[in-house]
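Asks: There's a structure below that I have some questions on.
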Amino acid sequence: GGSLAHRPFGLLSHAASVDLDRQPILSALEDRLSARPSALFAPEHGFFGAEQDMVPATEARLSASGPPIRSLYGSSAGSLRPAADAFADLDLLVVDLVDVGARYYTFAATAAWATEVALQQGVEVWILDRPNPLGGTAVEGNCRKPGFESFVGAFPIPVRHGLTLAELVLLEAKRSDWNTDGLRIFKVQGWHRQVPTDGEGWCWRSPSPNIPTLETAWVYPGSCLFEGSMLSEGRGTTRPFELIGGPAVDGDEVARRMNTRSLPGVVYLPTRFRPQFQKHAGEVCSGVEILVTDRSAFAPFRAGVDLLQC
């Protein structure tokens, strides 16, 4: 810790990263270690998590006197991986990102690719690991097939992979045969891979505009499938991914059919909603609200596939 205060280091993080005292990481580093990053690296949605999906993050600085922000989600595919000279004035990269435990979520690719480039440049990397909000025992969904690589499918892992961010980076390092001599993992303390509960002091801050709550993270691995359909996945409402529907949908019938399937840990409520942007903006949509009643039993990917088929 003491040495960090005297090193030129970069911080790949965002506003969702807080410590056990609910203190943002920048404040925690400065107050506890007198450490100030020389540069910030921002994932998709920007350092403050303010940008919608598919919107380039273009912040220049944290404040007038603050460190520069180097975006890892710009307007081109090349911007998703840091250039070698992004670390030219640094000797350490600290990574602290809140992930949601699903393959589609882009923070895993950002963390892995930034780690790979930094290590190649002789820059040490510290990953401050965090729990997987979906737990670390259940695994669900298909593995990405060769030839379908993308930013939302960077690794051949299941949709619900059960890994922490650091575990995922280590897996990719082994698969790709990185030299990991400069990689240090700060493991999660007090997490035993079971599904986290609200009574465990769990503090959730939104890592992106459409994952506002822990409940949203739970339905995301399945309801994100609706991004590839003509139905609204609830973007443009206060309940993204928890509301599924469209103008021509019979929400009462869909709810009835889904509830007769008796999927564990979830019920479906008929509802209506009006998205303010993206698909069906301004239109009244009929559909269902996905209400998770038991996280330990709920299988989000299976539920999403069943709803898509319904």
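Just so we're on the same page: first chain in the structure tokens is A, next is B, and so on; residues restart at 1 for each chain, and ligands are numbered from 1 in the order they show up.
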Residues near segment 301-309 of chain A, anyone? I mean within 8 Å using only C-alpha atoms, not counting same-chain ones fewer than 4 positions away, as a ChimeraX atom specification.
Replies: /A:140-141,159-160,219,221-226,258,263
Asks: May I have the residues from that selection written out with N, CA and C atoms, as a compact mmCIF listing (two decimals), in the first residue's frame?
Replies:
```txt
# COMPACT_ATOMS: atom_id res chain seq x y z
N GLU A 140 -24.62 -21.91 -16.34
CA GLU A 140 -25.75 -22.09 -17.25
C GLU A 140 -25.41 -21.61 -18.65
N GLY A 141 -26.11 -22.20 -19.62
CA GLY A 141 -26.09 -21.65 -20.97
C GLY A 141 -25.04 -22.28 -21.86
N VAL A 159 -22.78 -18.70 -20.73
CA VAL A 159 -23.40 -17.39 -20.51
C VAL A 159 -23.31 -17.01 -19.04
N ARG A 160 -23.76 -17.87 -18.17
CA ARG A 160 -23.59 -17.67 -16.73
C ARG A 160 -22.40 -18.52 -16.31
N VAL A 219 -31.69 -11.23 -13.61
CA VAL A 219 -32.47 -11.62 -14.79
C VAL A 219 -31.69 -11.43 -16.08
N PRO A 221 -28.83 -12.48 -17.56
CA PRO A 221 -28.32 -13.54 -18.45
C PRO A 221 -29.37 -14.15 -19.36
N GLY A 222 -30.64 -14.11 -18.95
CA GLY A 222 -31.69 -14.65 -19.80
C GLY A 222 -32.41 -13.59 -20.59
N SER A 223 -32.79 -12.50 -19.94
CA SER A 223 -33.59 -11.50 -20.65
C SER A 223 -32.77 -10.68 -21.62
N CYS A 224 -31.44 -10.70 -21.50
CA CYS A 224 -30.60 -10.02 -22.50
C CYS A 224 -30.75 -10.65 -23.88
N LEU A 225 -31.23 -11.89 -23.93
CA LEU A 225 -31.47 -12.54 -25.23
C LEU A 225 -32.46 -11.74 -26.08
N PHE A 226 -33.33 -10.98 -25.44
CA PHE A 226 -34.35 -10.24 -26.18
C PHE A 226 -33.77 -9.02 -26.90
N MET A 258 -46.17 -18.88 -18.93
CA MET A 258 -44.90 -19.01 -18.21
C MET A 258 -45.10 -19.55 -16.80
N LEU A 263 -41.31 -22.72 -13.36
CA LEU A 263 -39.86 -22.57 -13.25
C LEU A 263 -39.50 -22.17 -11.83
```
Asks: What are the closest atom pairs, with distances in Å to one decimal, for each residue of segment 7-86 of chain A lying within 12 Å of segment 110-126 of chain A, using only C-alpha atoms, rows by chain and rising residue number, as JSON lines?
Replies:
```
{"residue": "A:Arg7", "atom": "CA", "partner": "A:Glu124", "partner_atom": "CA", "distance": 11.1}
{"residue": "A:Pro8", "atom": "CA", "partner": "A:Val123", "partner_atom": "CA", "distance": 10.6}
{"residue": "A:Phe9", "atom": "CA", "partner": "A:Glu124", "partner_atom": "CA", "distance": 9.2}
{"residue": "A:Gly10", "atom": "CA", "partner": "A:Val125", "partner_atom": "CA", "distance": 9.4}
{"residue": "A:Leu11", "atom": "CA", "partner": "A:Trp126", "partner_atom": "CA", "distance": 9.6}
{"residue": "A:Leu12", "atom": "CA", "partner": "A:Ala111", "partner_atom": "CA", "distance": 7.8}
{"residue": "A:Ser13", "atom": "CA", "partner": "A:Ala111", "partner_atom": "CA", "distance": 9.4}
{"residue": "A:Phe41", "atom": "CA", "partner": "A:Ala114", "partner_atom": "CA", "distance": 9.2}
{"residue": "A:Ala42", "atom": "CA", "partner": "A:Thr110", "partner_atom": "CA", "distance": 9.2}
{"residue": "A:Pro43", "atom": "CA", "partner": "A:Thr110", "partner_atom": "CA", "distance": 6.5}
{"residue": "A:Glu44", "atom": "CA", "partner": "A:Thr110", "partner_atom": "CA", "distance": 8.4}
{"residue": "A:His45", "atom": "CA", "partner": "A:Thr110", "partner_atom": "CA", "distance": 11.9}
{"residue": "A:Arg70", "atom": "CA", "partner": "A:Ala114", "partner_atom": "CA", "distance": 11.6}
{"residue": "A:Ser71", "atom": "CA", "partner": "A:Thr110", "partner_atom": "CA", "distance": 10.6}
{"residue": "A:Leu72", "atom": "CA", "partner": "A:Thr110", "partner_atom": "CA", "distance": 7.2}
{"residue": "A:Tyr73", "atom": "CA", "partner": "A:Thr110", "partner_atom": "CA", "distance": 8.7}
{"residue": "A:Gly78", "atom": "CA", "partner": "A:Trp113", "partner_atom": "CA", "distance": 11.6}
{"residue": "A:Ser79", "atom": "CA", "partner": "A:Thr110", "partner_atom": "CA", "distance": 10.4}
{"residue": "A:Leu80", "atom": "CA", "partner": "A:Thr110", "partner_atom": "CA", "distance": 7.0}
{"residue": "A:Arg81", "atom": "CA", "partner": "A:Trp113", "partner_atom": "CA", "distance": 5.9}
{"residue": "A:Pro82", "atom": "CA", "partner": "A:Ala114", "partner_atom": "CA", "distance": 6.1}
{"residue": "A:Ala83", "atom": "CA", "partner": "A:Val117", "partner_atom": "CA", "distance": 7.6}
{"residue": "A:Ala84", "atom": "CA", "partner": "A:Val117", "partner_atom": "CA", "distance": 6.4}
{"residue": "A:Asp85", "atom": "CA", "partner": "A:Gln121", "partner_atom": "CA", "distance": 8.5}
{"residue": "A:Ala86", "atom": "CA", "partner": "A:Ala118", "partner_atom": "CA", "distance": 8.6}
```
Asks: Mind checking which residues fall within 12 Å of Ala16 of chain A, counting only C-alpha atoms, ignoring those fewer than 4 positions away in the same chain, and posting them as a PDB file with N, CA, C and O atoms, in the first residue's frame?
Replies:
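Writing the result to result.pdb gives the following:
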```pdb
ATOM      1  N   LEU A  12      -8.122   1.220 -13.855  1.00  0.00           N
ATOM      2  CA  LEU A  12      -9.252   0.822 -14.695  1.00  0.00           C
ATOM      3  C   LEU A  12     -10.409   0.516 -13.755  1.00  0.00           C
ATOM      4  O   LEU A  12     -10.420  -0.503 -13.066  1.00  0.00           O
ATOM      5  N   ARG A  22     -18.549   1.898   1.835  1.00  0.00           N
ATOM      6  CA  ARG A  22     -19.292   2.621   0.794  1.00  0.00           C
ATOM      7  C   ARG A  22     -18.527   3.836   0.305  1.00  0.00           C
ATOM      8  O   ARG A  22     -19.102   4.812  -0.167  1.00  0.00           O
ATOM      9  N   GLN A  23     -17.218   3.773   0.355  1.00  0.00           N
ATOM     10  CA  GLN A  23     -16.391   4.877  -0.109  1.00  0.00           C
ATOM     11  C   GLN A  23     -15.908   4.576  -1.522  1.00  0.00           C
ATOM     12  O   GLN A  23     -15.385   3.496  -1.782  1.00  0.00           O
ATOM     13  N   PRO A  24     -16.071   5.507  -2.469  1.00  0.00           N
ATOM     14  CA  PRO A  24     -15.599   5.269  -3.843  1.00  0.00           C
ATOM     15  C   PRO A  24     -14.109   4.986  -3.867  1.00  0.00           C
ATOM     16  O   PRO A  24     -13.349   5.475  -3.023  1.00  0.00           O
ATOM     17  N   ILE A  25     -13.693   4.202  -4.834  1.00  0.00           N
ATOM     18  CA  ILE A  25     -12.313   3.734  -4.856  1.00  0.00           C
ATOM     19  C   ILE A  25     -11.304   4.877  -4.899  1.00  0.00           C
ATOM     20  O   ILE A  25     -10.257   4.810  -4.241  1.00  0.00           O
ATOM     21  N   LEU A  26     -11.594   5.935  -5.641  1.00  0.00           N
ATOM     22  CA  LEU A  26     -10.636   7.043  -5.699  1.00  0.00           C
ATOM     23  C   LEU A  26     -10.433   7.672  -4.320  1.00  0.00           C
ATOM     24  O   LEU A  26      -9.306   7.960  -3.912  1.00  0.00           O
ATOM     25  N   ALA A  42     -11.434   3.981 -18.584  1.00  0.00           N
ATOM     26  CA  ALA A  42     -12.880   3.827 -18.442  1.00  0.00           C
ATOM     27  C   ALA A  42     -13.390   2.719 -19.350  1.00  0.00           C
ATOM     28  O   ALA A  42     -13.049   2.676 -20.535  1.00  0.00           O
ATOM     29  N   PRO A  43     -14.240   1.811 -18.832  1.00  0.00           N
ATOM     30  CA  PRO A  43     -14.853   0.772 -19.658  1.00  0.00           C
ATOM     31  C   PRO A  43     -16.067   1.318 -20.401  1.00  0.00           C
ATOM     32  O   PRO A  43     -16.312   2.542 -20.410  1.00  0.00           O
ATOM     33  N   HIS A  45     -19.733   2.544 -20.991  1.00  0.00           N
ATOM     34  CA  HIS A  45     -20.586   3.386 -20.151  1.00  0.00           C
ATOM     35  C   HIS A  45     -19.818   4.505 -19.460  1.00  0.00           C
ATOM     36  O   HIS A  45     -20.422   5.355 -18.809  1.00  0.00           O
ATOM     37  N   GLY A  46     -18.483   4.537 -19.584  1.00  0.00           N
ATOM     38  CA  GLY A  46     -17.699   5.609 -19.021  1.00  0.00           C
ATOM     39  C   GLY A  46     -17.364   5.415 -17.557  1.00  0.00           C
ATOM     40  O   GLY A  46     -17.913   4.553 -16.879  1.00  0.00           O
ATOM     41  N   PHE A  47     -16.455   6.244 -17.068  1.00  0.00           N
ATOM     42  CA  PHE A  47     -16.021   6.105 -15.682  1.00  0.00           C
ATOM     43  C   PHE A  47     -17.172   6.325 -14.713  1.00  0.00           C
ATOM     44  O   PHE A  47     -17.238   5.701 -13.653  1.00  0.00           O
ATOM     45  N   PHE A  48     -18.109   7.197 -15.055  1.00  0.00           N
ATOM     46  CA  PHE A  48     -19.227   7.479 -14.162  1.00  0.00           C
ATOM     47  C   PHE A  48     -20.445   6.599 -14.451  1.00  0.00           C
ATOM     48  O   PHE A  48     -21.468   6.717 -13.781  1.00  0.00           O
ATOM     49  N   GLY A  49     -20.351   5.723 -15.452  1.00  0.00           N
ATOM     50  CA  GLY A  49     -21.473   4.847 -15.773  1.00  0.00           C
ATOM     51  C   GLY A  49     -22.675   5.577 -16.326  1.00  0.00           C
ATOM     52  O   GLY A  49     -23.809   5.111 -16.208  1.00  0.00           O
ATOM     53  N   ALA A  50     -22.452   6.710 -16.956  1.00  0.00           N
ATOM     54  CA  ALA A  50     -23.559   7.561 -17.391  1.00  0.00           C
ATOM     55  C   ALA A  50     -24.032   7.273 -18.813  1.00  0.00           C
ATOM     56  O   ALA A  50     -25.164   7.645 -19.173  1.00  0.00           O
ATOM     57  N   ASP A  96     -10.253  -2.555 -11.010  1.00  0.00           N
ATOM     58  CA  ASP A  96     -11.333  -2.764 -10.042  1.00  0.00           C
ATOM     59  C   ASP A  96     -12.653  -2.461 -10.728  1.00  0.00           C
ATOM     60  O   ASP A  96     -13.068  -1.308 -10.839  1.00  0.00           O
ATOM     61  N   LEU A  97     -13.315  -3.507 -11.216  1.00  0.00           N
ATOM     62  CA  LEU A  97     -14.571  -3.360 -11.943  1.00  0.00           C
ATOM     63  C   LEU A  97     -15.638  -4.267 -11.328  1.00  0.00           C
ATOM     64  O   LEU A  97     -15.362  -5.407 -10.973  1.00  0.00           O
ATOM     65  N   VAL A  98     -16.855  -3.756 -11.237  1.00  0.00           N
ATOM     66  CA  VAL A  98     -17.995  -4.554 -10.798  1.00  0.00           C
ATOM     67  C   VAL A  98     -18.578  -5.258 -12.016  1.00  0.00           C
ATOM     68  O   VAL A  98     -19.094  -4.612 -12.933  1.00  0.00           O
ATOM     69  N   ASP A  99     -18.483  -6.576 -12.045  1.00  0.00           N
ATOM     70  CA  ASP A  99     -19.002  -7.366 -13.161  1.00  0.00           C
ATOM     71  C   ASP A  99     -20.364  -7.932 -12.774  1.00  0.00           C
ATOM     72  O   ASP A  99     -20.769  -7.872 -11.603  1.00  0.00           O
ATOM     73  N   VAL A 100     -21.094  -8.494 -13.751  1.00  0.00           N
ATOM     74  CA  VAL A 100     -22.419  -9.043 -13.454  1.00  0.00           C
ATOM     75  C   VAL A 100     -22.506 -10.549 -13.690  1.00  0.00           C
ATOM     76  O   VAL A 100     -23.580 -11.128 -13.549  1.00  0.00           O
ATOM     77  N   ARG A 130     -13.735  -9.082  -6.969  1.00  0.00           N
ATOM     78  CA  ARG A 130     -15.030  -8.886  -6.305  1.00  0.00           C
ATOM     79  C   ARG A 130     -15.894 -10.130  -6.511  1.00  0.00           C
ATOM     80  O   ARG A 130     -15.656 -10.911  -7.434  1.00  0.00           O
ATOM     81  N   CYS A 203     -23.452  -4.561  -0.991  1.00  0.00           N
ATOM     82  CA  CYS A 203     -23.714  -3.182  -1.433  1.00  0.00           C
ATOM     83  C   CYS A 203     -23.676  -3.154  -2.961  1.00  0.00           C
ATOM     84  O   CYS A 203     -22.644  -3.441  -3.555  1.00  0.00           O
ATOM     85  N   TRP A 204     -24.801  -2.829  -3.568  1.00  0.00           N
ATOM     86  CA  TRP A 204     -24.863  -2.796  -5.029  1.00  0.00           C
ATOM     87  C   TRP A 204     -24.935  -1.362  -5.512  1.00  0.00           C
ATOM     88  O   TRP A 204     -25.802  -0.593  -5.097  1.00  0.00           O
ATOM     89  N   ARG A 205     -23.992  -0.996  -6.373  1.00  0.00           N
ATOM     90  CA  ARG A 205     -24.079   0.264  -7.089  1.00  0.00           C
ATOM     91  C   ARG A 205     -24.125  -0.067  -8.575  1.00  0.00           C
ATOM     92  O   ARG A 205     -23.397  -0.940  -9.050  1.00  0.00           O
ATOM     93  N   SER A 206     -24.966   0.641  -9.284  1.00  0.00           N
ATOM     94  CA  SER A 206     -25.177   0.339 -10.692  1.00  0.00           C
ATOM     95  C   SER A 206     -23.882   0.469 -11.493  1.00  0.00           C
ATOM     96  O   SER A 206     -23.293   1.549 -11.556  1.00  0.00           O
ATOM     97  N   PRO A 207     -23.413  -0.614 -12.143  1.00  0.00           N
ATOM     98  CA  PRO A 207     -22.219  -0.515 -12.971  1.00  0.00           C
ATOM     99  C   PRO A 207     -22.497   0.037 -14.366  1.00  0.00           C
ATOM    100  O   PRO A 207     -21.568   0.406 -15.080  1.00  0.00           O
ATOM    101  N   SER A 208     -23.770   0.078 -14.753  1.00  0.00           N
ATOM    102  CA  SER A 208     -24.160   0.635 -16.048  1.00  0.00           C
ATOM    103  C   SER A 208     -25.623   1.045 -15.958  1.00  0.00           C
ATOM    104  O   SER A 208     -26.359   0.567 -15.093  1.00  0.00           O
ATOM    105  N   PRO A 209     -26.077   1.934 -16.840  1.00  0.00           N
ATOM    106  CA  PRO A 209     -27.421   2.496 -16.702  1.00  0.00           C
ATOM    107  C   PRO A 209     -28.542   1.468 -16.676  1.00  0.00           C
ATOM    108  O   PRO A 209     -29.580   1.716 -16.060  1.00  0.00           O
ATOM    109  N   ILE A 211     -28.354  -1.736 -15.535  1.00  0.00           N
ATOM    110  CA  ILE A 211     -28.261  -2.726 -14.460  1.00  0.00           C
ATOM    111  C   ILE A 211     -28.366  -1.964 -13.136  1.00  0.00           C
ATOM    112  O   ILE A 211     -27.418  -1.867 -12.358  1.00  0.00           O
ATOM    113  N   PRO A 212     -29.540  -1.367 -12.861  1.00  0.00           N
ATOM    114  CA  PRO A 212     -29.648  -0.499 -11.691  1.00  0.00           C
ATOM    115  C   PRO A 212     -29.677  -1.230 -10.359  1.00  0.00           C
ATOM    116  O   PRO A 212     -29.315  -0.651  -9.329  1.00  0.00           O
ATOM    117  N   THR A 213     -30.114  -2.493 -10.332  1.00  0.00           N
ATOM    118  CA  THR A 213     -30.261  -3.207  -9.071  1.00  0.00           C
ATOM    119  C   THR A 213     -29.661  -4.603  -9.181  1.00  0.00           C
ATOM    120  O   THR A 213     -29.392  -5.114 -10.280  1.00  0.00           O
TER     121      THR A 213
END
```
Asks: Would you list, as a ChimeraX atom specification, the residues of segment 65-251 of chain A that end up in alpha helix (DSSP H) under DSSP run on this structure's backbone?
Replies: /A:107-120,165-176,214-223,251
Asks: To one decimal in Å, tell me the separation between atom CA of His280 of chain A and atom CA of Asn210 of chain A.
Replies: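 Pair atom CA of His280 of chain A / atom CA of Asn210 of chain A returns 16.5 Å.
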Asks: Can you tell me, as JSON, numbers by chain, what residues are no more than 9 Å from segment 183-197 of chain A when counting only C-alpha atoms, ignoring any on the same chain fewer than 3 positions away?
Replies: {"A": [115, 119, 124, 125, 126, 127, 128, 129, 130, 131, 132, 133, 134, 135, 136, 137, 138, 162, 164, 166, 179, 180, 200, 201, 202, 295, 296]}
Asks: Measuring between only C-alpha atoms, which one of A:Ala88, A:Val152, A:Ile69, A:Ala248 shows the shortest distance to Met54 of chain A?
Replies: A:Val152
Asks: Find the residues around Arg274 of chain A up to 6 Å (only C-alpha atoms counted), leave out those fewer than 5 positions away in its own chain, and share them as an NGL selection string.
Replies: :A and (282-285)
Asks: One number please: atom CA of Pro270 of chain A to atom CA of Ala217 of chain A, in Å, one decimal.
Replies: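 Atom CA of Ala217 of chain A lies 20.9 Å from atom CA of Pro270 of chain A.
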Asks: Work out how far apart atom CA of Phe107 of chain A and atom CA of Leu165 of chain A are and give it in Å to one decimal.
Replies: 8.5 Å
Asks: Quick one: residues within 7 Å of Trp218 of chain A, only C-alpha atoms, excluding same-chain residues fewer than 3 positions away - as a PDB file with N, CA, C and O atoms, in the first residue's frame?
Replies:
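Produced file part.pdb, reproduced below:
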```pdb
ATOM      1  N   LEU A 134     -24.004 -13.395  -9.216  1.00  0.00           N
ATOM      2  CA  LEU A 134     -24.863 -14.552  -9.480  1.00  0.00           C
ATOM      3  C   LEU A 134     -24.391 -15.794  -8.737  1.00  0.00           C
ATOM      4  O   LEU A 134     -24.909 -16.886  -8.949  1.00  0.00           O
ATOM      5  N   LEU A 214     -29.493  -5.236  -8.028  1.00  0.00           N
ATOM      6  CA  LEU A 214     -29.021  -6.622  -8.020  1.00  0.00           C
ATOM      7  C   LEU A 214     -30.034  -7.540  -8.695  1.00  0.00           C
ATOM      8  O   LEU A 214     -29.661  -8.522  -9.360  1.00  0.00           O
ATOM      9  N   GLU A 215     -31.323  -7.235  -8.559  1.00  0.00           N
ATOM     10  CA  GLU A 215     -32.355  -8.034  -9.233  1.00  0.00           C
ATOM     11  C   GLU A 215     -32.196  -7.960 -10.754  1.00  0.00           C
ATOM     12  O   GLU A 215     -32.419  -8.942 -11.461  1.00  0.00           O
ATOM     13  N   PRO A 300     -31.509 -18.111 -14.431  1.00  0.00           N
ATOM     14  CA  PRO A 300     -31.881 -16.987 -15.304  1.00  0.00           C
ATOM     15  C   PRO A 300     -31.789 -17.292 -16.797  1.00  0.00           C
ATOM     16  O   PRO A 300     -32.642 -16.861 -17.569  1.00  0.00           O
TER      17      PRO A 300
END
```
Asks: Contacts of Met230 of chain A at 10 Å or less, counting only C-alpha atoms, minus same-chain residues fewer than 6 places along, as a list in words?
Replies: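 The residues satisfying every condition are Gly245, Gly246, Lys279 and His280 of chain A.
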Asks: Take the residues that were just selected and, keeping all heavy atoms, output them as a CSV table (one decimal), in the first residue's frame.
Replies:
```csv
chain,number,residue,atom,x,y,z
A,245,GLY,N,-41.7,-7.2,-23.5
A,245,GLY,CA,-43.0,-7.1,-24.2
A,245,GLY,C,-42.9,-6.3,-25.4
A,245,GLY,O,-41.8,-5.9,-25.9
A,246,GLY,N,-44.1,-6.0,-26.0
A,246,GLY,CA,-44.2,-5.3,-27.2
A,246,GLY,C,-45.6,-4.9,-27.4
A,246,GLY,O,-46.5,-5.3,-26.8
A,279,LYS,N,-36.2,0.5,-28.5
A,279,LYS,CA,-37.3,-0.2,-29.1
A,279,LYS,C,-38.7,0.2,-28.6
A,279,LYS,O,-38.9,0.3,-27.4
A,279,LYS,CB,-37.1,-1.7,-29.0
A,279,LYS,CG,-36.0,-2.3,-29.9
A,279,LYS,CD,-35.9,-3.8,-29.8
A,279,LYS,CE,-35.1,-4.2,-28.6
A,279,LYS,NZ,-34.9,-5.7,-28.6
A,280,HIS,N,-39.6,0.5,-29.5
A,280,HIS,CA,-41.0,0.9,-29.2
A,280,HIS,C,-41.0,2.1,-28.3
A,280,HIS,O,-41.9,2.3,-27.5
A,280,HIS,CB,-41.7,-0.3,-28.6
A,280,HIS,CG,-41.6,-1.6,-29.4
A,280,HIS,ND1,-42.1,-1.7,-30.7
A,280,HIS,CD2,-41.1,-2.8,-29.1
A,280,HIS,CE1,-41.9,-2.9,-31.1
A,280,HIS,NE2,-41.2,-3.6,-30.2
```
Asks: Nearest to Val169 of chain A: which of A:Gly147, A:Val95, A:Tyr104, A:Thr238 is it, counting only C-alpha atoms?
Replies: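 Comparing A:Gly147, A:Val95, A:Tyr104, A:Thr238 against Val169 of chain A, the winner is A:Val95.
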Asks: Check the smallest atom-to-atom distance from each of A:His161, A:His14, A:Arg256, A:Arg36 to Gly101 of chain A using only C-alpha atoms, then report the winner.
Replies: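 Closest to Gly101 of chain A, using only C-alpha atoms: A:His161.
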Asks: From a DSSP pass on the backbone, collect the residues of segment 167-236 of chain A flagged as strand (DSSP E) and hand them back as a list in words.
Replies: Leu183, Arg184, Ile185 and Phe186 of chain A
Asks: From the list A:Leu93, A:Ala35, A:Leu40, A:Ala77, which residue is nearest Pro56 of chain A when using only C-alpha atoms?
Replies: A:Ala77
